[in-house]
Structures are given as structure tokens and as C-alpha cells.
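Participant: Got a structure for you, questions after.
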Protein chains: 2
Amino acid sequence: MISNTHIASAFDRDLETIQGLIMKMGGMVEEAIENASTALLDSDLDLANATRRGDKAIDALELRVNEEAARLIALRQPIATDLRTVLSVFRISAALERVGDYAKNIAKRTEILQELHPVEGGTASLKRMSKAVQTMLKDALDAYIQRDSALAYDVRARDEEVDQMYNGLFREYLTHMMENPRNITACMHLHFMAKNIERMGDLVTGIAEQVIYLVDGVLPDEDRTKADITSTTRGGTVK
Amino acid sequence: MISNTHIASAFDRDLETIQGLIMKMGGMVEEAIENASTALLDSDLDLANATRRGDKAIDALELRVNEEAARLIALRQPIATDLRTVLSVFRISAALERVGDYAKNIAKRTEILQELHPVEGGTASLKRMSKAVQTMLKDALDAYIQRDSALAYDVRARDEEVDQMYNGLFREYLTHMMENPRNITACMHLHFMAKNIERMGDLVTGIAEQVIYLVDGVLPDEDRTKADITSTTRGGTVK
């Protein structure tokens, strides 16, 4: 058995710095979600464009977080719980980076939608769904910093509501498409936006599960993504 | 500066074991892609169901790979290149796990498609696209084991062809939907399958980029995903 050679206070100080960077990254991703959905709702192309451009800073921060975490491992050589804590940094930063990518993709599609036949009421539900995910992310990050597994379990439970919103939108857009073929292209883009938000919810749930793993030492059973039932139903209730 | 305390041969032996597990995992994921697309093409529900069930073994192997890699870090305390090599294990296993998830999702949607109005010629192009990604994955894993960055760059370049196949399918399915509303629900599922395969290509490209990073010490410029132009075009050429 190799002895634990790191100096606890130095390790903790370095870890706090990294966690600070993760919180900064998380704040940028929350803002990207907010801006992407606001740009969509208000047809604000400047905001959509700013959201797209802003993703580069998120990507750069992920690289920096990963470099700092690798440096921490090399310098302090943590084992056991400390090692698990540092390794979770890579997973959380990767999840945040991907949530940022989805926000960027929503902003891109917002720009396209402006040129298409408008779909009535197509964006308000997306904004609500997006807001739910944004709040989940905020709470998941709070749970991370406070090592609060109860809050993390709560975030995880709320992902089901997001999945249900997605299932509702899936049917709603199918109905619009069937009622009027001029809606088809716009609804395809709205559909992908809804799917992007649903995937964001899964990624935020993954962050919450990392918190649960850090605090309780076990990962919850993997059954959280099955509430997207659109891949297992015929959508047969639409007209 | 902390000295490099690990015994090289022990580290290398442990790393080889982990790389063996990654190759095993990669083989299972290749098979999942093959089976998911064959099940789709042949409407083979038994094979689709087996593909869905097989994903559990892939997930379990990812957990084992990550545990072994964390154990290697704790025991051998690698730094510099060795640390980078072990950390890439987490990224590669995570990418493989997600490719497996997409194969599972294709298998799920195959089961749904059986109950829907069939779309002429809808699946043959998906099979071709899927085959291209499967070959990319095989080559990315070969590039990983042989530390062959030229092959990794080749894999990365081929992702553009996959993106172009996806763009073509996006337009093809829109056309089918506009021509006949009875195609809409089936085409939505085919569409998501195409998107799943396109995302698989991105993930395999990510594995190739990890190989480039391991061998050359730098990540290639991030410009590989922009060839999916459907989120930046109106799809206006469809009738």
C-alpha cells in the first residue's frame, strides 16, 4: 500500500481553486441557456449570435479546468476519496461543456427559424423547459459545492418533468406538421431544440449523480433517461 | 518538483491491461453499431432487442475501465505523459459508452418503426452511414493501440463524409414528409436515427483526437462539427 503523501491543506487549496473555476464555468453555461432561450422567444438575432460566440470561452475554460486537475493529480498525488474528487472534476467540466454546445446549437437554429414559416406557440413551451433545466443546473452546482446529496437527488428527480415536457412537445410538433406541411421544416428545428434541452437535462442529471457519488460513494441506479418515451412509442395519439 | 516514483514496467503492464479492456469495449460497441443498423435494414426485431439488452454489458465495462484507471493513478502515481495517457482512458471509455447508447436508441426506434407507415428507401442510406462510422471506430481504436496519429487524422477527415451523408438525409426526409403527411412520424424517427449516427461520428472523431493528443501533444483545431449544416440552413431546396 502506498502512503498518502499529499499535504492536506495544499491539496484542499488547489481543489478550491479548481472548484471556483467550475462554478465560473457553470455560471457561463447557465447564462448561455438563458440567452439561447430568450433569443429564441424574442427572435433576438443579436443575442443568438452572442450566445454562439460565447461558447468559445466555455470551451477554453473546460481545457483550463482539466489542465489544473491533471496538474493537481501530478503534484499532490491524491488517493482514495481525494482522487475520486479530482476525477469527478473531469466529468463535471465535460458535462458543462456539452450543455454549452447544446445552447450554441439552439442559438444557431434560432437564426434559421427567422427565415421559416412561423409556428404558433412553438417557442413558449421551449422557454419553460429551458428554464427548468437552467434551475436544475444551478441547484446541481450548489449541491456540488455544498456536497449536498439530498439536493442532488432532488435535481435528478426533476429531470423526469423535463422529459415529460419533451414528450409533450414531440407530440405537439408532430401535430403541427401533420396539420400544415408548411410547418414541417420549422418544426424539425423546434424538435431538435427540444431534444437539445432534454439532453441538457440528462447532462445536468449526470452532474447531480457525480455529486451523489462523491458524497455517498455510490452511483444511483441507471434508470433516469427512460422517461423520454418518444423513442419507444409510435406517437400514435396525434391526429 | 516531485520525482517520478512509479516503476515503469509495472505501470506499462497495468496500462496494457486497461487498453485491452478498452479494445474489448470497442469491439462490443462496433458490434452494437453493426447489429443496430442490420436490425433496422432487415426489420429484425429480435436483433434490435438483443442490441438494446447488450448495452448493459458495455456500461458495466466502462465502469470497470474507469475503476482500473483510477486504481492505476492511485497505485503508480504517474505524471507527465503517463498521466496524460491514463486520463485519456476516461475520455475514450466515456465516448465509447455514448456511442453504445446511440446504438441502443437506434434499436429502440427500429422497434417503433415496424408499427408505422413504411418510408421507401429510408433505411438503406442509414445503413451506409452507419457502416462508415463503424469503420471509423475500428480505425480510431487501431490508431489508439498503435499510437498512429496519421491514421487518427484520417479518421477525423472522414467524419466530414458522415456529416455530408447526414445533410443529404435531412433533406431527403423533409421531402418525404412534405410529399405525404403519413410519412411524418416515421420520418421523425428516421431523422433522429440519422442524427444519432452523425453524433456517433463526432464521438469517434473525439477518440481520434485523443490519439492525436497522446502522440503529438496537441489537440487539432476544433472545427470538425460544423459540417452538419442543417442547423445553419433553411433546408430551402426541398420541394
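Residue numbering restarts at 1 in every chain; chains get A, B, ... in the order shown in the C-alpha cells, and ligands count up from 1 in that same order.
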Please identify all residues of chain A having at least one atom at most 9 Å from any atom of chain B, considering only C-alpha atoms, and return them as a ChimeraX atom specification.
Facilitator: /A:1-2,70-71,73-80,83-84,87,90-91,105-106,108-113,115-116,174,177-182,184-186,188-189,192,230-236
Participant: List the spatial neighbours of range 11-23 of chain A as an MDAnalysis selection string - criterion: any atom at most 9 Å away, only C-alpha atoms, same-chain residues fewer than 2 positions off excluded.
Facilitator: chainID A and resid 6:9 25:28 61:62 64:66 68:69 72 75:76 78 82 85:86 89 92:93 96 141:142 144:145
Participant: Next, write the just-selected residues to a file, as a CSV table (one decimal), in the first residue's frame, keeping N, CA and C atoms as the atom set.
Facilitator:
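Dumped to selection.csv:
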chain,number,residue,atom,x,y,z
A,6,HIS,N,0.3,13.4,0.0
A,6,HIS,CA,0.0,14.8,-0.2
A,6,HIS,C,-0.3,15.6,1.1
A,7,ILE,N,0.1,16.9,1.1
A,7,ILE,CA,-0.2,17.7,2.2
A,7,ILE,C,-1.6,18.2,2.1
A,8,ALA,N,-2.4,17.9,3.1
A,8,ALA,CA,-3.9,18.1,3.0
A,8,ALA,C,-4.2,19.5,2.7
A,9,SER,N,-3.6,20.5,3.3
A,9,SER,CA,-4.0,21.9,3.1
A,9,SER,C,-3.7,22.3,1.7
A,25,MET,N,-17.4,28.4,-14.7
A,25,MET,CA,-17.9,27.8,-16.0
A,25,MET,C,-19.4,27.5,-15.9
A,26,GLY,N,-19.8,27.0,-14.8
A,26,GLY,CA,-21.3,26.7,-14.6
A,26,GLY,C,-22.1,28.0,-14.8
A,27,GLY,N,-21.6,29.1,-14.2
A,27,GLY,CA,-22.3,30.4,-14.4
A,27,GLY,C,-22.4,30.8,-15.9
A,28,MET,N,-21.3,30.6,-16.6
A,28,MET,CA,-21.3,30.9,-18.0
A,28,MET,C,-22.3,30.0,-18.8
A,61,LEU,N,-12.4,27.4,-21.0
A,61,LEU,CA,-12.4,27.2,-19.5
A,61,LEU,C,-12.4,25.7,-19.2
A,62,GLU,N,-13.1,24.9,-20.0
A,62,GLU,CA,-13.0,23.4,-19.8
A,62,GLU,C,-11.6,23.0,-19.9
A,64,ARG,N,-8.9,24.6,-19.4
A,64,ARG,CA,-8.1,25.1,-18.2
A,64,ARG,C,-8.4,24.3,-17.0
A,65,VAL,N,-9.7,24.0,-16.8
A,65,VAL,CA,-10.1,23.2,-15.6
A,65,VAL,C,-9.4,21.8,-15.7
A,66,ASN,N,-9.4,21.2,-16.9
A,66,ASN,CA,-8.8,19.9,-17.0
A,66,ASN,C,-7.3,19.9,-16.8
A,68,GLU,N,-5.7,22.1,-14.9
A,68,GLU,CA,-5.4,22.3,-13.5
A,68,GLU,C,-5.7,21.0,-12.7
A,69,ALA,N,-6.7,20.3,-13.1
A,69,ALA,CA,-7.0,19.0,-12.4
A,69,ALA,C,-5.9,18.0,-12.6
A,72,LEU,N,-3.0,19.0,-10.6
A,72,LEU,CA,-3.2,18.7,-9.1
A,72,LEU,C,-2.9,17.2,-8.9
A,75,LEU,N,1.0,16.8,-9.0
A,75,LEU,CA,1.7,17.4,-7.9
A,75,LEU,C,1.4,16.8,-6.6
A,76,ARG,N,0.1,16.6,-6.3
A,76,ARG,CA,-0.3,16.1,-5.0
A,76,ARG,C,-0.5,14.7,-4.8
A,78,PRO,N,-3.1,12.5,-5.2
A,78,PRO,CA,-4.1,12.1,-4.3
A,78,PRO,C,-4.5,10.6,-4.4
A,82,ASP,N,-9.9,11.6,-2.2
A,82,ASP,CA,-9.3,12.8,-2.8
A,82,ASP,C,-9.2,12.6,-4.3
A,85,THR,N,-12.5,12.7,-6.0
A,85,THR,CA,-13.0,14.1,-6.1
A,85,THR,C,-12.4,14.8,-7.3
A,86,VAL,N,-11.1,14.6,-7.5
A,86,VAL,CA,-10.4,15.3,-8.6
A,86,VAL,C,-10.9,14.7,-9.9
A,89,VAL,N,-14.0,16.1,-11.3
A,89,VAL,CA,-13.9,17.4,-12.0
A,89,VAL,C,-13.9,17.2,-13.5
A,92,ILE,N,-17.5,16.5,-14.6
A,92,ILE,CA,-18.4,17.7,-14.5
A,92,ILE,C,-18.1,18.7,-15.5
A,93,SER,N,-16.8,19.0,-15.8
A,93,SER,CA,-16.5,20.0,-16.8
A,93,SER,C,-16.9,19.5,-18.2
A,96,LEU,N,-20.6,20.1,-18.5
A,96,LEU,CA,-20.9,21.6,-18.7
A,96,LEU,C,-20.6,22.0,-20.1
A,141,LEU,N,-25.1,22.6,-9.2
A,141,LEU,CA,-23.8,23.2,-8.9
A,141,LEU,C,-23.7,23.6,-7.4
A,142,ASP,N,-24.9,24.1,-6.9
A,142,ASP,CA,-24.9,24.3,-5.4
A,142,ASP,C,-24.7,23.0,-4.7
A,144,TYR,N,-23.1,20.5,-5.6
A,144,TYR,CA,-21.7,20.1,-5.8
A,144,TYR,C,-20.8,20.9,-4.8
A,145,ILE,N,-21.0,22.2,-4.7
A,145,ILE,CA,-20.1,23.0,-3.8
A,145,ILE,C,-20.4,22.6,-2.4
Participant: Got a sec to tell me which of range 12-233 of chain A DSSP assigns to alpha helix (DSSP H), as a ChimeraX atom specification?
Facilitator: /A:12-42,45-76,80-113,124-146,149-179,184-216
Participant: Between B:Asn196, B:Gln164, B:Gln210, B:Asn35, which one has atoms that come closest to Ala152 in chain B, using only C-alpha atoms?
Facilitator: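 The answer is B:Gln210, which sits nearest to Ala152 in chain B.
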Participant: Show me, as a PyMOL selection string, the residues that have an atom within 8 Å of Arg98 in chain A when counting only C-alpha atoms, minus same-chain residues fewer than 3 positions from it.
Facilitator: chain A and resi 94-95+101-102+200+203
Participant: Go ahead and compute the interatomic distance for CA of Ile58 in chain B and CA of Ala103 in chain B, in Å to one decimal.
Facilitator: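 Interatomic distance here is 11.2 Å.
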Participant: Could you work out how far CA of Ala208 in chain A lies from CA of Tyr153 in chain A, giving the answer in Å with one decimal?
Facilitator: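 Going from CA of Tyr153 in chain A over to CA of Ala208 in chain A, I get 7.0 Å.
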Participant: Hey, what's within 10 Å of Ala140 in chain A if we count only C-alpha atoms and toss same-chain stuff fewer than 6 positions away? As a list in words, please?
Facilitator: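 Once the nearby chain positions are removed, what remains is Gly26, Gln134, Gln146, Arg147, Asp148, Ser149, Leu151, Ala152, Tyr153, Asp154, Val155, Arg156, Val204, Thr205, Gly206, Ile207, Ala208, Glu209, Gln210 and Val211 of chain A.
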Participant: So that I can check the surroundings of Asp159 in chain A, please list as an NGL selection string every protein, DNA and RNA residue that reaches within 8 Å of it, counting only C-alpha atoms and ignoring chain neighbours fewer than 5 positions away.
Facilitator: :A and (133 or 201-202 or 205 or 224)
Participant: Next, write the just-selected residues to a file, as a PDB file, in the first residue's frame, keeping all heavy atoms as the atom set.
Facilitator:
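Writing the result to selection18.pdb gives the following:
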ATOM      1  N   VAL A 133     -34.443  23.398 -16.875  1.00  0.00           N
ATOM      2  CA  VAL A 133     -33.090  22.830 -16.924  1.00  0.00           C
ATOM      3  C   VAL A 133     -32.076  23.789 -16.308  1.00  0.00           C
ATOM      4  O   VAL A 133     -31.160  23.385 -15.583  1.00  0.00           O
ATOM      5  CB  VAL A 133     -32.707  22.483 -18.374  1.00  0.00           C
ATOM      6  CG1 VAL A 133     -31.226  22.136 -18.471  1.00  0.00           C
ATOM      7  CG2 VAL A 133     -33.551  21.325 -18.885  1.00  0.00           C
ATOM      8  N   GLY A 201     -30.830  18.331 -19.851  1.00  0.00           N
ATOM      9  CA  GLY A 201     -31.364  17.818 -18.584  1.00  0.00           C
ATOM     10  C   GLY A 201     -30.652  16.530 -18.177  1.00  0.00           C
ATOM     11  O   GLY A 201     -30.303  16.334 -17.008  1.00  0.00           O
ATOM     12  N   ASP A 202     -30.409  15.650 -19.148  1.00  0.00           N
ATOM     13  CA  ASP A 202     -29.679  14.403 -18.858  1.00  0.00           C
ATOM     14  C   ASP A 202     -28.265  14.704 -18.357  1.00  0.00           C
ATOM     15  O   ASP A 202     -27.774  14.058 -17.430  1.00  0.00           O
ATOM     16  CB  ASP A 202     -29.571  13.542 -20.123  1.00  0.00           C
ATOM     17  CG  ASP A 202     -30.891  12.894 -20.498  1.00  0.00           C
ATOM     18  OD1 ASP A 202     -31.813  12.881 -19.649  1.00  0.00           O
ATOM     19  OD2 ASP A 202     -31.001  12.388 -21.629  1.00  0.00           O
ATOM     20  N   THR A 205     -28.356  16.040 -14.913  1.00  0.00           N
ATOM     21  CA  THR A 205     -28.608  14.898 -14.032  1.00  0.00           C
ATOM     22  C   THR A 205     -27.312  14.123 -13.789  1.00  0.00           C
ATOM     23  O   THR A 205     -27.049  13.663 -12.677  1.00  0.00           O
ATOM     24  CB  THR A 205     -29.678  13.976 -14.654  1.00  0.00           C
ATOM     25  OG1 THR A 205     -30.865  14.750 -14.836  1.00  0.00           O
ATOM     26  CG2 THR A 205     -29.978  12.800 -13.765  1.00  0.00           C
ATOM     27  N   ARG A 224     -32.577   6.852 -15.385  1.00  0.00           N
ATOM     28  CA  ARG A 224     -33.123   8.198 -15.461  1.00  0.00           C
ATOM     29  C   ARG A 224     -33.494   8.638 -16.866  1.00  0.00           C
ATOM     30  O   ARG A 224     -34.325   9.512 -17.035  1.00  0.00           O
ATOM     31  CB  ARG A 224     -32.132   9.189 -14.867  1.00  0.00           C
ATOM     32  CG  ARG A 224     -30.885   9.334 -15.676  1.00  0.00           C
ATOM     33  CD  ARG A 224     -29.832  10.195 -15.025  1.00  0.00           C
ATOM     34  NE  ARG A 224     -28.534   9.865 -15.544  1.00  0.00           N
ATOM     35  CZ  ARG A 224     -28.078  10.265 -16.707  1.00  0.00           C
ATOM     36  NH1 ARG A 224     -28.816  11.011 -17.505  1.00  0.00           N
ATOM     37  NH2 ARG A 224     -26.878   9.910 -17.126  1.00  0.00           N
TER      38      ARG A 224
END
Participant: Between CA of Lys131 in chain A and CA of Asp163 in chain A, measure the distance and give it in Å to one decimal.
Facilitator: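 Rounded to one decimal, the two atoms are 13.4 Å apart.
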